[in-house]
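As structure tokens, the structure follows; a few thoughts come after it.
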Amino acid sequence: MTIRVIVDPSNPGQFFACCGLLELADRFWSAEGLFKDREFWIGCEGTLEQLLDRLVENPPVEVLTLGNGLLVKKIIAPLRLTFHGGGSRPFTLDSWTQTGLERGKPVVAANRPWNFWSGNQRSFDIWLHLRIALQEQLPRLEGVKAELLFSQRVPLTGRFGFDPGAAWNALDVGFSPNTQQMPVASSPATEMLAAIGIQRFRPLVSDDRRAFFYSTWGQPLPPCVAAAASSGRVDVGPNLRFRGQIVDRGQYSALGYSTLLKGAFDGGSSGEM
């Protein structure tokens with residue numbers, strides 16, 4: 001059985017969402033995935049509808065205390081996902097956090113650039129709002145609409161910031177819709193799946209953390225190998241390589257559209273694991 005979705009790989013949110021789809025499909029059924037033309041293909045035993053049903057089945061658990069006893073601020077709290085019907089191992093999303101020292105004491109801090117939100121939003125609330133929006137979309141995602149999953153957008157006031165197709169530039173409109181809590185057309189599936197994908201599929205990040213580099217891959221790979229191919233550490237052609245960018249939008253940041261690269265990745269970037 002094959003899951004297929006239409007993807008624009010220059011949209012980093014859609015790229016990482018494909019990685020998230022592969023991650024979940026492998027956890028549920030064992031899977032391999034590849035990019036082919038403008039589509040992402042996953043070979044597995046399930047369907048896209050089954051995968052999305054499991055994704056929204058349970059709300060996450062907000063992790064406010066790590067196993068080592070460190071406290072986490074609610075704005076960046078990791079999220080622990082659980083699933084029924086197979087793939088029941090808990091899966092924690094914490095790519096937007098890092099452990100470090102502050103005045104000589106260990107703390108849990110934001111991990112730039114992956115913590116795009118600020119102010120009165122927090123990771124738990126963002127996920128809950130996206131989950132509800134995706135639940136409402138699922139009955140309408142059949143046939144061709146399912147393949148166009150990432151382009152199915154609805155008005156939302158909260159999102160992680162992975163999908164540049166949802167973003168309004170504060171300079172363009174004269175104010176920030178995020179700050180004003182105004183709904184912006186967003187893809188809940190892209191946002192949720194990208195948050196899952198970035199957990200394993202970490203791109204190379206520039207030293208100033210304003211740019212990152214990623215690659216598609218053109219042969220069927222399981223997530224453990226595809227993660228290396230996605231960062232360019234392993235070259236699996238035919239592939240396309242991109243330079244992504246972080247864009248400031250009012251009090252928030254988000255991903256912008258990426259630039260297609262020719263040849264090897266630019267220098268001056270460091271790996272992040």
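Identifiers in the structure tokens: chain A, B, ... in order shown; residue index from 1 per chain; ligand index from 1 in order shown.
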
Legend entry - Long-range neighbours of Gln152 of chain A as a PyMOL selection string, 8 Å cut-off, only C-alpha atoms, 3 positions minimum in chain: chain A and resi 145+148-149+186-187

Inset, instruction - Might you pull out every residue within 10 Å of Phe91 of chain A, with only C-alpha atoms counted and same-chain residues fewer than 5 positions away left off, and present them as a PyMOL selection string? - result: chain A and resi 24+27+60+79-83+196+199

Only N, CA and C atoms, please: the residues just picked out, written as a short mmCIF file (atom, residue, chain, number, x, y, z; two decimals), in the first residue's frame.
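Saved the output as result-v8.cif:
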data_model
loop_
_atom_site.label_atom_id
_atom_site.label_comp_id
_atom_site.auth_asym_id
_atom_site.auth_seq_id
_atom_site.Cartn_x
_atom_site.Cartn_y
_atom_site.Cartn_z
N LEU A 24 5.72 8.69 11.59
CA LEU A 24 4.53 8.05 12.16
C LEU A 24 4.21 6.73 11.46
N ARG A 27 6.41 4.10 12.75
CA ARG A 27 6.07 3.71 14.12
C ARG A 27 4.82 2.83 14.15
N PRO A 60 -2.02 15.61 23.71
CA PRO A 60 -0.69 15.34 24.26
C PRO A 60 -0.66 15.58 25.77
N LEU A 79 5.99 18.04 24.50
CA LEU A 79 4.70 17.38 24.39
C LEU A 79 4.91 15.88 24.21
N ARG A 80 4.26 15.09 25.06
CA ARG A 80 4.37 13.63 24.95
C ARG A 80 3.12 13.10 24.25
N LEU A 81 3.32 12.48 23.09
CA LEU A 81 2.22 11.93 22.30
C LEU A 81 2.07 10.44 22.57
N THR A 82 0.84 9.98 22.65
CA THR A 82 0.55 8.56 22.78
C THR A 82 -0.46 8.18 21.71
N PHE A 83 -0.39 6.91 21.29
CA PHE A 83 -1.25 6.44 20.21
C PHE A 83 -1.85 5.09 20.57
N ILE A 196 6.54 16.99 14.32
CA ILE A 196 6.97 15.60 14.51
C ILE A 196 8.22 15.32 13.68
N GLN A 199 11.74 16.49 14.84
CA GLN A 199 12.28 15.81 16.02
C GLN A 199 13.45 14.91 15.66
#

Legend entry - DSSP-assigned strand (DSSP E) members of segment 15-206 of chain A, reported as number ranges by chain: A: 32-36, 39-43, 61-62, 79-81, 91-93, 97-102, 105-110, 154-156, 184-186, 204-206

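Here atom CA of Leu66 of chain A is placed at a distance of 10.5 Å from atom CA of Val107 of chain A.
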
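Distances here use only C-alpha atoms; by that measure, the residue among A:Val184, A:Val7, A:Ile42, A:Leu240 closest to Phe213 of chain A is A:Leu240.
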
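With atom CA of Val236 of chain A on one side and atom CA of Trp217 of chain A on the other, the separation reads 5.2 Å.
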
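In terms of minimum interatomic distance to Asp163 of chain A, A:Glu191 ranks closest within A:Asp94, A:Glu142, A:Asp26, A:Glu191, counting only C-alpha atoms.
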
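Across A:Gln121, A:Thr216, A:Ser10, A:Gln135, the tightest approach to Thr157 of chain A is made by A:Gln121 when counting only C-alpha atoms.
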